[in-house]
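Trainee: Structure: work.pdb, PDB, N, CA, C and O atoms.
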```pdb
ATOM      1  N   MET H   8      31.869 -56.174 -55.064
ATOM      2  CA  MET H   8      33.198 -55.645 -54.913
ATOM      3  C   MET H   8      33.452 -55.275 -53.449
ATOM      4  O   MET H   8      34.407 -55.763 -52.864
ATOM      5  N   LEU H   9      32.615 -54.426 -52.881
ATOM      6  CA  LEU H   9      32.794 -54.081 -51.468
ATOM      7  C   LEU H   9      32.539 -55.277 -50.569
ATOM      8  O   LEU H   9      33.224 -55.452 -49.565
ATOM      9  N   ALA H  10      31.573 -56.093 -50.944
ATOM     10  CA  ALA H  10      31.276 -57.283 -50.146
ATOM     11  C   ALA H  10      32.475 -58.206 -50.093
ATOM     12  O   ALA H  10      32.750 -58.816 -49.059
ATOM     13  N   ASP H  11      33.198 -58.301 -51.193
ATOM     14  CA  ASP H  11      34.400 -59.136 -51.215
ATOM     15  C   ASP H  11      35.442 -58.622 -50.234
ATOM     16  O   ASP H  11      36.119 -59.413 -49.574
ATOM     17  N   LEU H  12      35.570 -57.309 -50.131
ATOM     18  CA  LEU H  12      36.530 -56.741 -49.184
ATOM     19  C   LEU H  12      36.151 -57.062 -47.751
ATOM     20  O   LEU H  12      37.008 -57.377 -46.922
ATOM     21  N   ILE H  13      34.879 -56.964 -47.442
ATOM     22  CA  ILE H  13      34.434 -57.235 -46.074
ATOM     23  C   ILE H  13      34.593 -58.715 -45.746
ATOM     24  O   ILE H  13      34.913 -59.075 -44.619
ATOM     25  N   ASP H  14      34.382 -59.574 -46.742
ATOM     26  CA  ASP H  14      34.534 -61.008 -46.521
ATOM     27  C   ASP H  14      35.995 -61.430 -46.426
ATOM     28  O   ASP H  14      36.307 -62.463 -45.839
ATOM     29  N   GLU H  15      36.888 -60.629 -47.008
ATOM     30  CA  GLU H  15      38.312 -60.950 -46.961
ATOM     31  C   GLU H  15      38.784 -60.926 -45.511
ATOM     32  O   GLU H  15      38.518 -59.989 -44.766
ATOM     33  N   GLU H  16      39.500 -61.950 -45.130
ATOM     34  CA  GLU H  16      39.906 -62.117 -43.729
ATOM     35  C   GLU H  16      40.701 -60.934 -43.191
ATOM     36  O   GLU H  16      40.445 -60.436 -42.098
ATOM     37  N   ALA H  17      41.678 -60.445 -43.943
ATOM     38  CA  ALA H  17      42.513 -59.336 -43.470
ATOM     39  C   ALA H  17      41.673 -58.080 -43.251
ATOM     40  O   ALA H  17      41.850 -57.378 -42.252
ATOM     41  N   MET H  18      40.779 -57.797 -44.174
ATOM     42  CA  MET H  18      39.921 -56.612 -44.054
ATOM     43  C   MET H  18      38.931 -56.795 -42.905
ATOM     44  O   MET H  18      38.734 -55.892 -42.100
ATOM     45  N   ALA H  19      38.338 -57.962 -42.836
ATOM     46  CA  ALA H  19      37.356 -58.227 -41.786
ATOM     47  C   ALA H  19      37.976 -58.112 -40.400
ATOM     48  O   ALA H  19      37.357 -57.576 -39.482
ATOM     49  N   SER H  20      39.187 -58.590 -40.266
ATOM     50  CA  SER H  20      39.820 -58.540 -38.945
ATOM     51  C   SER H  20      40.253 -57.130 -38.572
ATOM     52  O   SER H  20      40.468 -56.832 -37.398
ATOM     53  N   SER H  21      40.385 -56.237 -39.566
ATOM     54  CA  SER H  21      40.785 -54.868 -39.254
ATOM     55  C   SER H  21      39.591 -54.011 -38.819
ATOM     56  O   SER H  21      39.784 -52.924 -38.291
ATOM     57  N   LEU H  22      38.387 -54.509 -39.055
ATOM     58  CA  LEU H  22      37.185 -53.776 -38.641
ATOM     59  C   LEU H  22      36.731 -54.254 -37.269
ATOM     60  O   LEU H  22      36.803 -55.449 -36.976
ATOM     61  N   PRO H  23      36.236 -53.341 -36.451
ATOM     62  CA  PRO H  23      35.657 -53.787 -35.180
ATOM     63  C   PRO H  23      34.471 -54.717 -35.453
ATOM     64  O   PRO H  23      33.736 -54.532 -36.425
ATOM     65  N   GLU H  24      34.316 -55.704 -34.637
ATOM     66  CA  GLU H  24      33.234 -56.685 -34.817
ATOM     67  C   GLU H  24      31.867 -55.995 -34.899
ATOM     68  O   GLU H  24      31.009 -56.400 -35.678
ATOM     69  N   ALA H  25      31.684 -54.948 -34.120
ATOM     70  CA  ALA H  25      30.406 -54.229 -34.123
ATOM     71  C   ALA H  25      30.140 -53.523 -35.453
ATOM     72  O   ALA H  25      29.000 -53.218 -35.783
ATOM     73  N   ALA H  26      31.174 -53.272 -36.239
ATOM     74  CA  ALA H  26      31.008 -52.575 -37.518
ATOM     75  C   ALA H  26      30.522 -53.508 -38.629
ATOM     76  O   ALA H  26      29.951 -53.042 -39.616
ATOM     77  N   HIS H  27      30.725 -54.797 -38.493
ATOM     78  CA  HIS H  27      30.355 -55.743 -39.543
ATOM     79  C   HIS H  27      28.874 -55.663 -39.922
ATOM     80  O   HIS H  27      28.562 -55.567 -41.112
ATOM     81  N   PRO H  28      27.956 -55.694 -38.950
ATOM     82  CA  PRO H  28      26.532 -55.617 -39.330
ATOM     83  C   PRO H  28      26.186 -54.294 -40.026
ATOM     84  O   PRO H  28      25.373 -54.273 -40.958
ATOM     85  N   MET H  29      26.819 -53.204 -39.601
ATOM     86  CA  MET H  29      26.550 -51.910 -40.220
ATOM     87  C   MET H  29      27.000 -51.911 -41.679
ATOM     88  O   MET H  29      26.283 -51.447 -42.561
ATOM     89  N   PHE H  30      28.171 -52.463 -41.940
ATOM     90  CA  PHE H  30      28.659 -52.535 -43.313
ATOM     91  C   PHE H  30      27.793 -53.457 -44.156
ATOM     92  O   PHE H  30      27.535 -53.186 -45.320
ATOM     93  N   ARG H  31      27.339 -54.560 -43.585
ATOM     94  CA  ARG H  31      26.431 -55.459 -44.307
ATOM     95  C   ARG H  31      25.145 -54.728 -44.668
ATOM     96  O   ARG H  31      24.639 -54.856 -45.784
ATOM     97  N   LEU H  32      24.606 -53.968 -43.729
ATOM     98  CA  LEU H  32      23.388 -53.203 -43.983
ATOM     99  C   LEU H  32      23.613 -52.195 -45.104
ATOM    100  O   LEU H  32      22.789 -52.061 -46.023
ATOM    101  N   MET H  33      24.737 -51.491 -45.056
ATOM    102  CA  MET H  33      25.045 -50.518 -46.110
ATOM    103  C   MET H  33      25.172 -51.208 -47.466
ATOM    104  O   MET H  33      24.685 -50.699 -48.478
ATOM    105  N   LEU H  34      25.802 -52.379 -47.498
ATOM    106  CA  LEU H  34      25.923 -53.119 -48.753
ATOM    107  C   LEU H  34      24.558 -53.552 -49.278
ATOM    108  O   LEU H  34      24.296 -53.479 -50.479
ATOM    109  N   ASP H  35      23.684 -53.980 -48.384
ATOM    110  CA  ASP H  35      22.327 -54.355 -48.795
ATOM    111  C   ASP H  35      21.568 -53.153 -49.349
ATOM    112  O   ASP H  35      20.856 -53.271 -50.351
ATOM    113  N   LEU H  36      21.734 -51.998 -48.711
ATOM    114  CA  LEU H  36      21.072 -50.789 -49.199
ATOM    115  C   LEU H  36      21.599 -50.390 -50.570
ATOM    116  O   LEU H  36      20.829 -50.012 -51.468
ATOM    117  N   LEU H  37      22.908 -50.482 -50.757
ATOM    118  CA  LEU H  37      23.499 -50.169 -52.068
ATOM    119  C   LEU H  37      23.005 -51.134 -53.138
ATOM    120  O   LEU H  37      22.711 -50.720 -54.270
ATOM    121  N   ALA H  38      22.889 -52.396 -52.806
ATOM    122  CA  ALA H  38      22.380 -53.377 -53.773
ATOM    123  C   ALA H  38      20.936 -53.043 -54.149
ATOM    124  O   ALA H  38      20.568 -53.128 -55.328
ATOM    125  N   GLY H  39      20.141 -52.645 -53.166
ATOM    126  CA  GLY H  39      18.760 -52.253 -53.451
ATOM    127  C   GLY H  39      18.691 -51.022 -54.337
ATOM    128  O   GLY H  39      17.873 -50.960 -55.269
ATOM    129  N   LEU H  40      19.545 -50.057 -54.081
ATOM    130  CA  LEU H  40      19.574 -48.850 -54.910
ATOM    131  C   LEU H  40      20.028 -49.175 -56.329
ATOM    132  O   LEU H  40      19.468 -48.648 -57.299
ATOM    133  N   ASN H  41      21.020 -50.046 -56.464
ATOM    134  CA  ASN H  41      21.466 -50.451 -57.797
ATOM    135  C   ASN H  41      20.334 -51.115 -58.572
ATOM    136  O   ASN H  41      20.174 -50.891 -59.773
ATOM    137  N   SER H  42      19.549 -51.919 -57.889
ATOM    138  CA  SER H  42      18.410 -52.578 -58.527
ATOM    139  C   SER H  42      17.373 -51.554 -58.981
ATOM    140  O   SER H  42      16.843 -51.637 -60.095
ATOM    141  N   LYS H  43      17.084 -50.586 -58.136
ATOM    142  CA  LYS H  43      16.112 -49.542 -58.495
ATOM    143  C   LYS H  43      16.616 -48.708 -59.671
ATOM    144  O   LYS H  43      15.843 -48.338 -60.561
ATOM    145  N   ILE H  44      17.903 -48.401 -59.678
ATOM    146  CA  ILE H  44      18.486 -47.638 -60.785
ATOM    147  C   ILE H  44      18.364 -48.427 -62.088
ATOM    148  O   ILE H  44      18.020 -47.873 -63.132
ATOM    149  N   ALA H  45      18.624 -49.724 -62.027
ATOM    150  CA  ALA H  45      18.487 -50.561 -63.221
ATOM    151  C   ALA H  45      17.043 -50.555 -63.717
ATOM    152  O   ALA H  45      16.793 -50.470 -64.928
ATOM    153  N   ASP H  46      16.089 -50.630 -62.796
ATOM    154  CA  ASP H  46      14.669 -50.573 -63.179
ATOM    155  C   ASP H  46      14.332 -49.236 -63.837
ATOM    156  O   ASP H  46      13.614 -49.186 -64.844
ATOM    157  N   LEU H  47      14.850 -48.150 -63.268
ATOM    158  CA  LEU H  47      14.599 -46.830 -63.848
ATOM    159  C   LEU H  47      15.243 -46.694 -65.228
ATOM    160  O   LEU H  47      14.641 -46.118 -66.142
ATOM    161  N   ASP H  48      16.438 -47.221 -65.383
ATOM    162  CA  ASP H  48      17.098 -47.203 -66.695
ATOM    163  C   ASP H  48      16.249 -47.931 -67.729
ATOM    164  O   ASP H  48      16.080 -47.453 -68.858
ATOM    165  N   THR H  49      15.712 -49.067 -67.353
ATOM    166  CA  THR H  49      14.848 -49.834 -68.260
ATOM    167  C   THR H  49      13.616 -49.028 -68.633
ATOM    168  O   THR H  49      13.202 -48.993 -69.798
ATOM    169  N   GLU H  50      13.034 -48.367 -67.661
ATOM    170  CA  GLU H  50      11.833 -47.550 -67.913
ATOM    171  C   GLU H  50      12.154 -46.370 -68.829
ATOM    172  O   GLU H  50      11.373 -46.025 -69.715
ATOM    173  N   ILE H  51      13.294 -45.751 -68.633
ATOM    174  CA  ILE H  51      13.702 -44.628 -69.485
ATOM    175  C   ILE H  51      13.850 -45.091 -70.930
ATOM    176  O   ILE H  51      13.367 -44.425 -71.853
ATOM    177  N   VAL H  52      14.479 -46.233 -71.132
ATOM    178  CA  VAL H  52      14.650 -46.768 -72.485
ATOM    179  C   VAL H  52      13.292 -47.071 -73.101
ATOM    180  O   VAL H  52      13.035 -46.745 -74.263
ATOM    181  N   ARG H  53      12.403 -47.682 -72.329
ATOM    182  CA  ARG H  53      11.067 -48.014 -72.838
ATOM    183  C   ARG H  53      10.318 -46.762 -73.262
ATOM    184  O   ARG H  53       9.746 -46.694 -74.352
ATOM    185  N   ARG H  54      10.351 -45.746 -72.421
ATOM    186  CA  ARG H  54       9.630 -44.503 -72.742
ATOM    187  C   ARG H  54      10.250 -43.792 -73.939
ATOM    188  O   ARG H  54       9.536 -43.205 -74.752
ATOM    189  N   ALA H  55      11.566 -43.835 -74.056
ATOM    190  CA  ALA H  55      12.227 -43.210 -75.202
ATOM    191  C   ALA H  55      11.823 -43.916 -76.489
ATOM    192  O   ALA H  55      11.561 -43.257 -77.507
ATOM    193  N   ARG H  56      11.743 -45.220 -76.452
ATOM    194  CA  ARG H  56      11.316 -45.976 -77.637
ATOM    195  C   ARG H  56       9.871 -45.645 -77.999
ATOM    196  O   ARG H  56       9.543 -45.494 -79.170
ATOM    197  N   GLU H  57       9.012 -45.560 -76.994
ATOM    198  CA  GLU H  57       7.606 -45.214 -77.250
ATOM    199  C   GLU H  57       7.504 -43.823 -77.865
ATOM    200  O   GLU H  57       6.737 -43.608 -78.801
ATOM    201  N   ALA H  58       8.252 -42.884 -77.333
ATOM    202  CA  ALA H  58       8.206 -41.511 -77.839
ATOM    203  C   ALA H  58       8.714 -41.456 -79.276
ATOM    204  O   ALA H  58       8.152 -40.752 -80.113
ATOM    205  N   ARG H  59       9.752 -42.210 -79.555
ATOM    206  CA  ARG H  59      10.311 -42.256 -80.915
ATOM    207  C   ARG H  59       9.290 -42.875 -81.873
ATOM    208  O   ARG H  59       9.117 -42.413 -82.991
ATOM    209  N   TYR H  60       8.610 -43.920 -81.423
ATOM    210  CA  TYR H  60       7.599 -44.592 -82.247
ATOM    211  C   TYR H  60       6.435 -43.652 -82.564
ATOM    212  O   TYR H  60       5.962 -43.580 -83.679
ATOM    213  N   ARG H  61       5.996 -42.901 -81.539
ATOM    214  CA  ARG H  61       4.881 -41.964 -81.731
ATOM    215  C   ARG H  61       5.268 -40.774 -82.612
ATOM    216  O   ARG H  61       4.453 -40.230 -83.324
ATOM    217  N   ALA H  62       6.540 -40.391 -82.555
ATOM    218  CA  ALA H  62       7.007 -39.230 -83.306
ATOM    219  C   ALA H  62       7.192 -39.538 -84.785
ATOM    220  O   ALA H  62       7.242 -38.621 -85.602
ATOM    221  N   GLY H  63       7.334 -40.788 -85.084
ATOM    222  CA  GLY H  63       7.450 -40.958 -86.501
ATOM    223  C   GLY H  63       8.027 -42.174 -86.988
ATOM    224  O   GLY H  63       8.247 -42.513 -88.038
TER     225      GLY H  63
END
```
Before we go any further, please render this structure as structure tokens.
Mentor:
Amino acid sequence: MLADLIDEEAMASSLPEAAHPMFRLMLDLLAGLNSKIADLDTEIVRRAREARYRAG
């Protein structure tokens, strides 16, 4: 979503050229965090299922 805005010509031209790499870096960091959150969500579900199985 944000990447699409940065790639959009009107938005890209409104940003200083020096800001483009910084925004790309921030987008990459957000993508990495989203991936880690998804991994943690999966782990939480797995542990909840294990706990439910052990409980009864």
Trainee: Which residues are close to Leu34 in chain H, i.e. within 8 Å by only N, CA, C and O atoms, leaving aside same-chain residues fewer than 6 positions away? Reply as a ChimeraX atom specification.
Mentor: /H:9-10,27-28,40-41
Trainee: What separation in Å, quoted to one decimal, exists between CA of Ser21 in chain H and CA of Asp35 in chain H?
Mentor: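 Atom-to-atom, CA of Ser21 in chain H and CA of Asp35 in chain H are spaced 20.8 Å apart.
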Trainee: Tell me, in Å to one decimal, how far atom O of Asp11 in chain H is from CA of Ala45 in chain H.
Mentor: 24.0 Å
Trainee: Report, in Å with one decimal, the straight-line distance from atom N of Gly39 in chain H to CA of Asp14 in chain H.
Mentor: 17.9 Å
Trainee: Hey, could you patch up range 48-59 of chain H with all heavy atoms and hand it over as a compact mmCIF listing (two decimals), in the coordinates of the input?
Mentor:
```
# COMPACT_ATOMS: atom_id res chain seq x y z
N ASP H 48 16.44 -47.22 -65.38
CA ASP H 48 17.10 -47.20 -66.69
C ASP H 48 16.25 -47.93 -67.73
O ASP H 48 16.08 -47.45 -68.86
CB ASP H 48 18.49 -47.84 -66.63
CG ASP H 48 19.52 -46.95 -65.97
OD1 ASP H 48 19.29 -45.72 -65.87
OD2 ASP H 48 20.58 -47.49 -65.57
N THR H 49 15.71 -49.07 -67.35
CA THR H 49 14.85 -49.83 -68.26
C THR H 49 13.62 -49.03 -68.63
O THR H 49 13.20 -48.99 -69.80
CB THR H 49 14.44 -51.17 -67.60
OG1 THR H 49 15.62 -51.91 -67.30
CG2 THR H 49 13.54 -51.99 -68.50
N GLU H 50 13.03 -48.37 -67.66
CA GLU H 50 11.83 -47.55 -67.91
C GLU H 50 12.15 -46.37 -68.83
O GLU H 50 11.37 -46.02 -69.72
CB GLU H 50 11.25 -47.07 -66.59
CG GLU H 50 9.99 -46.24 -66.72
CD GLU H 50 8.79 -47.01 -67.24
OE1 GLU H 50 8.85 -48.26 -67.32
OE2 GLU H 50 7.80 -46.36 -67.59
N ILE H 51 13.29 -45.75 -68.63
CA ILE H 51 13.70 -44.63 -69.48
C ILE H 51 13.85 -45.09 -70.93
O ILE H 51 13.37 -44.42 -71.85
CB ILE H 51 15.02 -44.00 -68.97
CG1 ILE H 51 14.75 -43.25 -67.67
CG2 ILE H 51 15.64 -43.09 -70.02
CD1 ILE H 51 16.02 -42.83 -66.92
N VAL H 52 14.48 -46.23 -71.13
CA VAL H 52 14.65 -46.77 -72.48
C VAL H 52 13.29 -47.07 -73.10
O VAL H 52 13.04 -46.74 -74.26
CB VAL H 52 15.55 -48.03 -72.46
CG1 VAL H 52 15.52 -48.75 -73.79
CG2 VAL H 52 16.97 -47.65 -72.09
N ARG H 53 12.40 -47.68 -72.33
CA ARG H 53 11.07 -48.01 -72.84
C ARG H 53 10.32 -46.76 -73.26
O ARG H 53 9.75 -46.69 -74.35
CB ARG H 53 10.27 -48.77 -71.77
CG ARG H 53 8.89 -49.23 -72.26
CD ARG H 53 8.05 -49.81 -71.14
NE ARG H 53 7.66 -48.82 -70.14
CZ ARG H 53 6.68 -47.93 -70.31
NH1 ARG H 53 6.02 -47.86 -71.44
NH2 ARG H 53 6.38 -47.08 -69.36
N ARG H 54 10.35 -45.75 -72.42
CA ARG H 54 9.63 -44.50 -72.74
C ARG H 54 10.25 -43.79 -73.94
O ARG H 54 9.54 -43.20 -74.75
CB ARG H 54 9.60 -43.58 -71.53
CG ARG H 54 8.68 -44.09 -70.44
CD ARG H 54 8.59 -43.12 -69.31
NE ARG H 54 7.78 -43.65 -68.23
CZ ARG H 54 7.22 -42.92 -67.31
NH1 ARG H 54 7.39 -41.60 -67.31
NH2 ARG H 54 6.50 -43.47 -66.36
N ALA H 55 11.57 -43.84 -74.06
CA ALA H 55 12.23 -43.21 -75.20
C ALA H 55 11.82 -43.92 -76.49
O ALA H 55 11.56 -43.26 -77.51
CB ALA H 55 13.74 -43.24 -75.02
N ARG H 56 11.74 -45.22 -76.45
CA ARG H 56 11.32 -45.98 -77.64
C ARG H 56 9.87 -45.64 -78.00
O ARG H 56 9.54 -45.49 -79.17
CB ARG H 56 11.48 -47.47 -77.40
CG ARG H 56 12.91 -47.92 -77.45
CD ARG H 56 13.04 -49.41 -77.28
NE ARG H 56 14.44 -49.78 -77.30
CZ ARG H 56 14.94 -50.79 -76.63
NH1 ARG H 56 14.16 -51.56 -75.89
NH2 ARG H 56 16.23 -51.07 -76.69
N GLU H 57 9.01 -45.56 -76.99
CA GLU H 57 7.61 -45.21 -77.25
C GLU H 57 7.50 -43.82 -77.86
O GLU H 57 6.74 -43.61 -78.80
CB GLU H 57 6.80 -45.27 -75.95
CG GLU H 57 6.47 -46.65 -75.50
CD GLU H 57 5.68 -46.64 -74.20
OE1 GLU H 57 5.37 -45.55 -73.66
OE2 GLU H 57 5.36 -47.75 -73.72
N ALA H 58 8.25 -42.88 -77.33
CA ALA H 58 8.21 -41.51 -77.84
C ALA H 58 8.71 -41.46 -79.28
O ALA H 58 8.15 -40.75 -80.11
CB ALA H 58 9.03 -40.58 -76.96
N ARG H 59 9.75 -42.21 -79.56
CA ARG H 59 10.31 -42.26 -80.92
C ARG H 59 9.29 -42.88 -81.87
O ARG H 59 9.12 -42.41 -82.99
CB ARG H 59 11.60 -43.06 -80.91
CG ARG H 59 12.51 -42.75 -82.06
CD ARG H 59 13.86 -43.44 -81.97
NE ARG H 59 14.34 -43.61 -80.61
CZ ARG H 59 14.98 -44.67 -80.16
NH1 ARG H 59 15.25 -45.65 -80.98
NH2 ARG H 59 15.39 -44.74 -78.92
```
